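Colleague: See upload_10.tsv below, with TSV, C-alpha atoms and all ligand atoms.
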chain	number	residue	atom	x	y	z
A	1	MET	CA	-1.08	264.33	47.37
A	2	LYS	CA	2.46	263.09	48.00
A	3	THR	CA	5.67	264.44	49.51
A	4	TYR	CA	9.36	263.68	49.96
A	5	LEU	CA	10.54	262.88	53.46
A	6	SER	CA	14.10	262.08	54.51
A	7	GLU	CA	13.63	260.65	58.04
A	8	ILE	CA	11.08	259.58	60.65
A	9	PHE	CA	12.43	258.72	64.10
A	10	SER	CA	11.88	259.28	67.82
A	11	SER	CA	14.64	260.98	69.81
A	12	ILE	CA	15.44	263.57	72.40
A	13	GLN	CA	14.80	267.15	71.36
A	14	GLY	CA	18.33	268.52	71.44
A	15	GLU	CA	17.66	272.23	70.89
A	16	GLY	CA	15.81	275.12	72.48
A	17	PRO	CA	13.70	275.38	75.64
A	18	TYR	CA	12.10	271.95	75.15
A	19	VAL	CA	15.50	270.26	75.26
A	20	GLY	CA	15.32	266.77	76.71
A	21	GLU	CA	11.71	266.11	75.78
A	22	ARG	CA	10.98	263.06	73.67
A	23	HIS	CA	9.89	264.08	70.16
A	24	LEU	CA	8.89	262.13	67.10
A	25	PHE	CA	10.73	263.82	64.24
A	26	VAL	CA	9.27	264.00	60.74
A	27	ARG	CA	11.98	265.44	58.50
A	28	PHE	CA	10.99	266.84	55.11
A	29	CYS	CA	13.37	266.99	52.14
A	30	ALA	CA	14.36	270.21	50.34
A	31	CYS	CA	15.23	273.70	51.47
A	32	HIS	CA	15.19	277.13	49.84
A	33	ARG	CA	18.23	278.31	51.86
A	34	LYS	CA	21.91	277.42	51.88
A	35	CYS	CA	23.17	278.18	55.39
A	36	VAL	CA	26.92	277.59	55.49
A	37	TYR	CA	26.59	275.64	58.77
A	38	CYS	CA	23.81	273.34	57.51
A	39	ASP	CA	24.14	269.80	58.86
A	40	THR	CA	21.18	268.34	56.94
A	41	ASN	CA	21.01	266.73	53.55
A	42	THR	CA	18.47	268.95	51.79
A	43	GLU	CA	18.34	267.01	48.51
A	44	LEU	CA	15.18	265.16	47.42
A	45	SER	CA	15.97	261.57	48.32
A	46	ASP	CA	14.57	258.43	46.73
A	47	CYS	CA	13.75	256.94	50.12
A	48	CYS	CA	12.71	258.02	53.58
A	49	ILE	CA	14.55	256.20	56.36
A	50	VAL	CA	12.39	255.18	59.31
A	51	GLU	CA	13.78	253.99	62.64
A	52	LYS	CA	10.77	251.99	63.77
A	53	THR	CA	12.32	251.04	67.11
A	54	PRO	CA	14.00	254.12	68.62
A	55	GLY	CA	17.74	253.99	69.30
A	56	THR	CA	18.40	250.72	67.47
A	57	GLY	CA	20.02	252.37	64.44
A	58	GLU	CA	18.00	249.97	62.29
A	59	PHE	CA	16.31	251.85	59.51
A	60	GLU	CA	13.68	250.74	57.08
A	61	GLN	CA	13.73	252.45	53.70
A	62	ILE	CA	10.37	253.65	52.39
A	63	LYS	CA	10.15	254.82	48.82
A	64	ASN	CA	9.44	258.50	48.12
A	65	PRO	CA	7.16	260.27	47.38
A	66	MET	CA	4.80	259.28	50.20
A	67	SER	CA	1.08	259.85	50.70
A	68	VAL	CA	-0.56	261.48	53.73
A	69	GLU	CA	-1.95	258.13	54.87
A	70	GLN	CA	1.43	256.42	54.50
A	71	VAL	CA	3.14	259.10	56.60
A	72	ALA	CA	0.36	259.07	59.23
A	73	ASP	CA	0.61	255.26	59.48
A	74	LEU	CA	4.40	255.39	59.96
A	75	ILE	CA	4.01	258.04	62.66
A	76	ARG	CA	1.43	255.85	64.42
A	77	GLU	CA	3.77	252.85	64.22
A	78	VAL	CA	6.79	254.68	65.68
A	79	ASP	CA	4.68	256.52	68.26
A	80	ALA	CA	3.15	253.27	69.51
A	81	LYS	CA	6.61	252.11	70.67
A	82	THR	CA	7.46	255.11	72.84
A	83	ARG	CA	5.84	258.07	74.56
A	84	ASN	CA	6.55	261.18	72.52
A	85	ASN	CA	5.69	264.58	73.97
A	86	ARG	CA	5.33	266.17	70.55
A	87	ILE	CA	5.57	265.60	66.82
A	88	SER	CA	8.43	267.71	65.53
A	89	ILE	CA	7.87	268.81	61.94
A	90	THR	CA	11.31	269.63	60.63
A	91	GLY	CA	13.51	269.73	57.55
A	92	GLY	CA	14.94	270.97	55.32
A	93	ALA	CA	12.20	273.53	55.13
A	94	PRO	CA	8.90	271.81	56.01
A	95	LEU	CA	6.83	274.86	55.09
A	96	LEU	CA	7.81	274.35	51.44
A	97	GLN	CA	5.39	271.41	51.73
A	98	SER	CA	2.59	273.48	53.30
A	99	ARG	CA	-0.07	271.96	51.02
A	100	PHE	CA	0.90	268.49	52.22
A	101	LEU	CA	1.00	269.69	55.84
A	102	LEU	CA	-2.50	271.06	55.42
A	103	LYS	CA	-3.64	267.45	54.88
A	104	LEU	CA	-1.35	265.72	57.40
A	105	LEU	CA	-1.59	268.04	60.41
A	106	PRO	CA	-5.39	267.83	60.92
A	107	VAL	CA	-5.04	264.02	61.05
A	108	LEU	CA	-2.30	264.26	63.70
A	109	LYS	CA	-4.20	266.90	65.70
A	110	ALA	CA	-7.35	264.76	65.64
A	111	GLU	CA	-5.28	261.97	67.20
A	112	GLY	CA	-4.26	264.26	70.06
A	113	HIS	CA	-0.71	265.14	69.06
A	114	ASN	CA	1.03	268.36	69.97
A	115	ILE	CA	2.63	269.84	66.85
A	116	TYR	CA	6.06	271.48	67.12
A	117	LEU	CA	7.21	273.21	63.94
A	118	GLU	CA	10.91	273.87	63.36
A	119	ALA	CA	11.23	276.40	60.55
A	120	ALA	CA	13.58	278.95	59.06
A	121	GLY	CA	10.99	281.60	59.90
A	122	ASP	CA	10.97	283.31	56.53
A	123	LEU	CA	7.91	281.82	54.79
A	124	PRO	CA	4.99	283.72	56.38
A	125	LYS	CA	2.43	282.95	53.67
A	126	GLU	CA	3.03	279.21	54.03
A	127	LEU	CA	2.95	279.45	57.83
A	128	LYS	CA	-0.39	281.25	57.72
A	129	SER	CA	-1.94	278.43	55.70
A	130	VAL	CA	-1.22	275.85	58.46
A	131	ILE	CA	-0.91	277.94	61.62
A	132	GLU	CA	-4.20	276.74	63.12
A	133	PHE	CA	-2.68	273.24	63.50
A	134	ILE	CA	0.58	274.33	65.16
A	135	ASP	CA	1.14	274.37	68.93
A	136	VAL	CA	4.76	275.55	69.16
A	137	VAL	CA	6.93	277.30	66.59
A	138	ALA	CA	10.70	277.05	66.91
A	139	MET	CA	11.53	279.96	64.65
A	140	ASP	CA	15.00	280.50	63.21
A	141	ILE	CA	16.02	284.05	62.52
A	142	LYS	CA	18.93	283.96	60.12
A	143	LEU	CA	21.80	286.45	60.31
A	144	ALA	CA	23.54	287.04	56.98
A	145	SER	CA	26.91	287.30	58.74
A	146	VAL	CA	26.39	283.73	60.02
A	147	THR	CA	24.60	281.98	57.15
A	148	GLU	CA	26.66	283.73	54.41
A	149	GLU	CA	23.38	284.33	52.57
A	150	LYS	CA	21.38	287.47	51.93
A	151	ALA	CA	19.46	289.07	54.83
A	152	THR	CA	15.75	288.20	55.14
A	153	PHE	CA	14.63	290.26	58.14
A	154	PRO	CA	11.32	291.61	56.70
A	155	ALA	CA	10.03	288.07	56.09
A	156	HIS	CA	11.10	287.11	59.62
A	157	TRP	CA	9.19	290.01	61.18
A	158	GLU	CA	6.05	289.12	59.25
A	159	PHE	CA	6.40	285.47	60.33
A	160	LEU	CA	6.88	286.36	64.00
A	161	LYS	CA	3.97	288.80	63.99
A	162	LEU	CA	1.72	286.08	62.58
A	163	CYS	CA	2.61	283.76	65.48
A	164	ARG	CA	1.72	286.52	67.92
A	165	ASP	CA	-1.49	287.49	66.08
A	166	TYR	CA	-2.66	283.87	66.11
A	167	ASN	CA	-1.54	283.39	69.71
A	168	VAL	CA	0.75	280.49	68.84
A	169	GLU	CA	3.63	279.78	71.22
A	170	VAL	CA	6.87	280.84	69.58
A	171	PHE	CA	10.51	281.15	70.53
A	172	ILE	CA	13.40	282.43	68.48
A	173	LYS	CA	16.51	280.44	67.66
A	174	LEU	CA	19.53	282.54	66.72
A	175	VAL	CA	22.45	280.46	65.50
A	176	LEU	CA	25.61	282.49	66.13
A	177	SER	CA	29.10	281.77	64.81
A	178	ALA	CA	32.44	283.42	65.51
A	179	ASN	CA	31.72	285.60	62.45
A	180	THR	CA	28.53	287.14	63.88
A	181	ASN	CA	28.23	290.83	63.09
A	182	GLU	CA	27.30	292.60	66.32
A	183	GLY	CA	25.41	295.40	64.54
A	184	GLU	CA	23.30	292.83	62.72
A	185	LEU	CA	22.67	290.97	65.99
A	186	ILE	CA	21.39	294.15	67.69
A	187	GLU	CA	19.22	294.92	64.65
A	188	ALA	CA	17.75	291.41	64.96
A	189	ALA	CA	17.06	291.87	68.69
A	190	LYS	CA	15.26	295.17	68.03
A	191	GLY	CA	13.25	293.62	65.20
A	192	ILE	CA	12.21	290.71	67.42
A	193	LYS	CA	11.08	293.11	70.13
A	194	LYS	CA	9.04	295.13	67.66
A	195	ALA	CA	7.39	292.17	65.91
A	196	GLY	CA	7.06	289.77	68.85
A	197	GLY	CA	7.19	291.86	72.02
A	198	GLU	CA	9.74	292.27	74.78
A	199	ASP	CA	8.80	288.96	76.43
A	200	THR	CA	9.83	286.89	73.36
A	201	LEU	CA	12.16	284.07	74.36
A	202	VAL	CA	15.42	284.08	72.41
A	203	VAL	CA	17.69	281.05	72.37
A	204	ILE	CA	21.22	281.72	71.22
A	205	GLN	CA	22.50	278.49	69.71
A	206	PRO	CA	26.28	278.45	69.32
A	207	MET	CA	27.07	277.13	65.85
A	208	THR	CA	28.34	273.55	65.88
A	209	LYS	CA	31.35	272.81	63.66
A	210	ALA	CA	30.09	271.72	60.24
A	211	GLU	CA	31.49	270.44	56.97
A	212	LYS	CA	31.87	273.92	55.44
A	213	THR	CA	32.73	275.97	58.54
A	214	ASP	CA	34.52	275.66	61.84
A	215	ALA	CA	33.78	279.24	63.01
A	216	VAL	CA	32.50	278.08	66.40
A	217	PRO	CA	32.00	281.08	68.73
A	218	SER	CA	34.13	281.40	71.88
A	219	GLY	CA	32.70	281.51	75.40
A	220	GLN	CA	33.70	285.16	75.64
A	221	GLN	CA	31.79	286.01	72.47
A	222	LEU	CA	28.70	284.19	73.72
A	223	PHE	CA	28.72	286.04	77.06
A	224	ARG	CA	29.08	289.35	75.26
A	225	TRP	CA	26.29	288.62	72.77
A	226	GLN	CA	23.95	287.29	75.46
A	227	ASP	CA	24.44	290.60	77.35
A	228	LYS	CA	23.85	292.60	74.15
A	229	VAL	CA	20.61	290.77	73.31
A	230	ALA	CA	19.48	290.91	76.97
A	231	SER	CA	19.74	294.72	76.87
A	232	VAL	CA	16.83	294.60	74.37
A	233	LEU	CA	15.09	291.29	75.19
A	234	PRO	CA	15.54	290.13	78.79
A	235	ASN	CA	14.54	286.50	78.18
A	236	VAL	CA	17.64	285.15	76.42
A	237	ARG	CA	19.37	281.82	76.97
A	238	VAL	CA	22.41	280.12	75.45
A	239	ILE	CA	21.65	276.48	74.60
A	240	PRO	CA	23.96	274.36	72.39
A	241	GLN	CA	22.83	271.41	70.26
A	242	THR	CA	22.80	268.79	73.02
A	243	HIS	CA	21.88	265.79	70.84
A	244	LYS	CA	25.19	266.27	68.99
A	245	MET	CA	27.08	265.86	72.30
A	246	LEU	CA	25.36	262.50	72.74
A	247	GLU	CA	25.84	261.61	69.06
A	248	MET	CA	22.10	261.03	68.79
A	249	LEU	CA	19.85	261.55	65.79
A	301	LIG	S1	17.37	276.53	56.70
A	301	LIG	FE1	18.00	274.74	57.88
A	301	LIG	S2	17.91	273.02	56.43
A	301	LIG	FE2	17.86	274.91	55.22
A	301	LIG	S3	20.01	275.27	54.65
A	301	LIG	FE3	19.59	276.43	56.55
A	301	LIG	S4	20.20	275.05	58.23
A	301	LIG	FE4	19.98	273.80	56.35
Starting from the file, lay out its structure as structure tokens.
Modeller:
Amino acid sequence: MKTYLSEIFSSIQGEGPYVGERHLFVRFCACHRKCVYCDTNTELSDCCIVEKTPGTGEFEQIKNPMSVEQVADLIREVDAKTRNNRISITGGAPLLQSRFLLKLLPVLKAEGHNIYLEAAGDLPKELKSVIEFIDVVAMDIKLASVTEEKATFPAHWEFLKLCRDYNVEVFIKLVLSANTNEGELIEAAKGIKKAGGEDTLVVIQPMTKAEKTDAVPSGQQLFRWQDKVASVLPNVRVIPQTHKMLEML
């Protein structure tokens, strides 16, 4: 079994409550969504770029598609050079490759790694197939007013409920732009409470300026929306993408 990866590298986790930890990122190609603020190349690329020595900016190109053993070997090689707290499985949409993950993740777990999944949070069937190998889920809940795509709340609620049912640590990432619809935001907060419980951690991530949009939210908007979400879910933080401030991978 083979897959398409775009990048393997070690860096600082720049988002969410684990910000500042050292993670080894394994970035999968392809995505089923088209968020207007997307900062990732989601095309299938011919090669995966691997920064074998972190921070050098020197990348080796490895031809795609890659086998489970090839990917596991590259992870071992990069991990041997630095102490990573977790392996961050990211994309694109890594759950589109759930059959590949079903082979790779048991190998990584057997070697003692903590698996951190970053996902759009709308592919519950695929999550279920690999959930036993996941330690932390960083779950995006997408607002149509922000992504400029159709709403996908029912899939999000199913996904979140699965994390709770299987007792997997989960937090919600809500990317908000200046165009955020407040009614939709409240609906999301209520849905999170119902599917995940009142103690669910919500991280509001202010949208970073991207190629197709500069609708960055103002401080005033963020204060207002944090208060609105907190009226439903008390555990809500505002955390920007810190790795972008440092111009890191
Ligand atoms: S889900 Fe993530 S990778 Fe896919 S289009 Fe949206 S921001 Fe980009």
Colleague: Fewer than 3 positions away in the same chain doesn't count, so skip those; otherwise give me all residues within 9 Å of Tyr116 of chain A, counting all atoms listed in the file, as a PDB file with C-alpha atoms, in the coordinates of the input.
Modeller:
ATOM      1  CA  HIS A  23       9.890 264.080  70.160  1.00  0.00           C
ATOM      2  CA  ARG A  86       5.330 266.170  70.550  1.00  0.00           C
ATOM      3  CA  ILE A  87       5.570 265.600  66.820  1.00  0.00           C
ATOM      4  CA  SER A  88       8.430 267.710  65.530  1.00  0.00           C
ATOM      5  CA  ILE A  89       7.870 268.810  61.940  1.00  0.00           C
ATOM      6  CA  THR A  90      11.310 269.630  60.630  1.00  0.00           C
ATOM      7  CA  ILE A 134       0.580 274.330  65.160  1.00  0.00           C
ATOM      8  CA  ASP A 135       1.140 274.370  68.930  1.00  0.00           C
ATOM      9  CA  VAL A 136       4.760 275.550  69.160  1.00  0.00           C
ATOM     10  CA  VAL A 137       6.930 277.300  66.590  1.00  0.00           C
ATOM     11  CA  ALA A 138      10.700 277.050  66.910  1.00  0.00           C
TER      12      ALA A 138
END
Colleague: Counting all atoms listed in the file, which of A:Glu118, A:Glu187, A:Asp140, A:Asp227 gets nearest to Gly91 of chain A?
Modeller: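 Selected residue with least distance to Gly91 of chain A: A:Glu118.
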Colleague: Check which residues fall inside 10 Å of ligand LIG 301 (chain A) when counting all atoms listed in the file, and print them as a VMD selection string.
Modeller: chain A and resid 27 to 43 90 to 94 118 to 122 140 to 142 147 149 175
Colleague: Contacts of Leu108 of chain A at 12 Å or less, counting only C-alpha atoms, minus same-chain residues fewer than 3 places along, as a VMD selection string?
Modeller: chain A and resid 24 26 68 to 69 71 to 76 79 86 to 89 101 to 105 111 to 116 133 to 135
Colleague: Hey, can you check how far atom CA of Met248 of chain A sits from atom CA of Leu44 of chain A?
Modeller: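 We find that atom CA of Met248 of chain A and atom CA of Leu44 of chain A lie 22.8 Å from each other.
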Colleague: Please measure the separation of atom CA of Ser177 of chain A and atom CA of Val229 of chain A, giving the value in Å to one decimal.
Modeller: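 Atom CA of Ser177 of chain A sits 15.0 Å away from atom CA of Val229 of chain A.
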Colleague: When you draw a straight line from atom CA of Val50 of chain A to atom CA of Glu211 of chain A, how long is it in Å?
Modeller: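 We find that atom CA of Val50 of chain A and atom CA of Glu211 of chain A lie 24.6 Å from each other.
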Colleague: When distances are computed from all atoms listed in the file, which of A:Leu96, A:Val168, A:Leu117, A:Ala189 shows the smallest separation from Ile204 of chain A?
Modeller: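 Nearest candidate to Ile204 of chain A out of A:Leu96, A:Val168, A:Leu117, A:Ala189: A:Ala189.
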Colleague: Please tell me which residues are no farther than 8 Å from (18.1, 270.0, 66.0) in the file, counting all atoms listed in the file, and write them as a list in words.
Modeller: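 The requested residues, written out, are Gln13, Gly14, Glu15, Gln241 and His243 of chain A.
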Colleague: Using all atoms listed in the file, which of the listed residues (A:Gln220, A:Thr56, A:Ser145, A:Ser129) sits closest to Gly183 of chain A?
Modeller: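 For Gly183 of chain A, the nearest of the candidates is A:Ser145.
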Colleague: Nearest to Leu174 of chain A: which of A:Ala155, A:Leu123, A:Ile131, A:Val238 is it, counting only C-alpha atoms?
Modeller: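 Of the candidates, the smallest distance to Leu174 of chain A is held by A:Val238.
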Colleague: Using all atoms listed in the file, which residues sit within 7 Å of Gly16 of chain A once same-chain residues fewer than 3 positions away are excluded, as a tab-separated table (two decimals) with C-alpha atoms, keeping the file's coordinate frame?
Modeller:
chain	number	residue	atom	x	y	z
A	19	VAL	CA	15.50	270.26	75.26
A	203	VAL	CA	17.69	281.05	72.37
A	239	ILE	CA	21.65	276.48	74.60
Colleague: Using all atoms listed in the file for the distances, tell me which of A:Asn235, A:Ser98, A:Ser11, A:Asn181 is nearest to Gln221 of chain A.
Modeller: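 Ranking A:Asn235, A:Ser98, A:Ser11, A:Asn181 by distance to Gln221 of chain A, first place goes to A:Asn181.
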Colleague: With distances taken over only C-alpha atoms, which of A:Lys194, A:Arg83, A:Lys150, A:Lys128 is nearest to Arg22 of chain A?
Modeller: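 For Arg22 of chain A, the nearest of the candidates is A:Arg83.
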Colleague: Which residues, written as an MDAnalysis selection string, have at least one atom at most 9 Å from Pro65 of chain A, with only C-alpha atoms counted and residues fewer than 6 positions away on the same chain left out?
Modeller: chainID A and resid 2:5 45:48
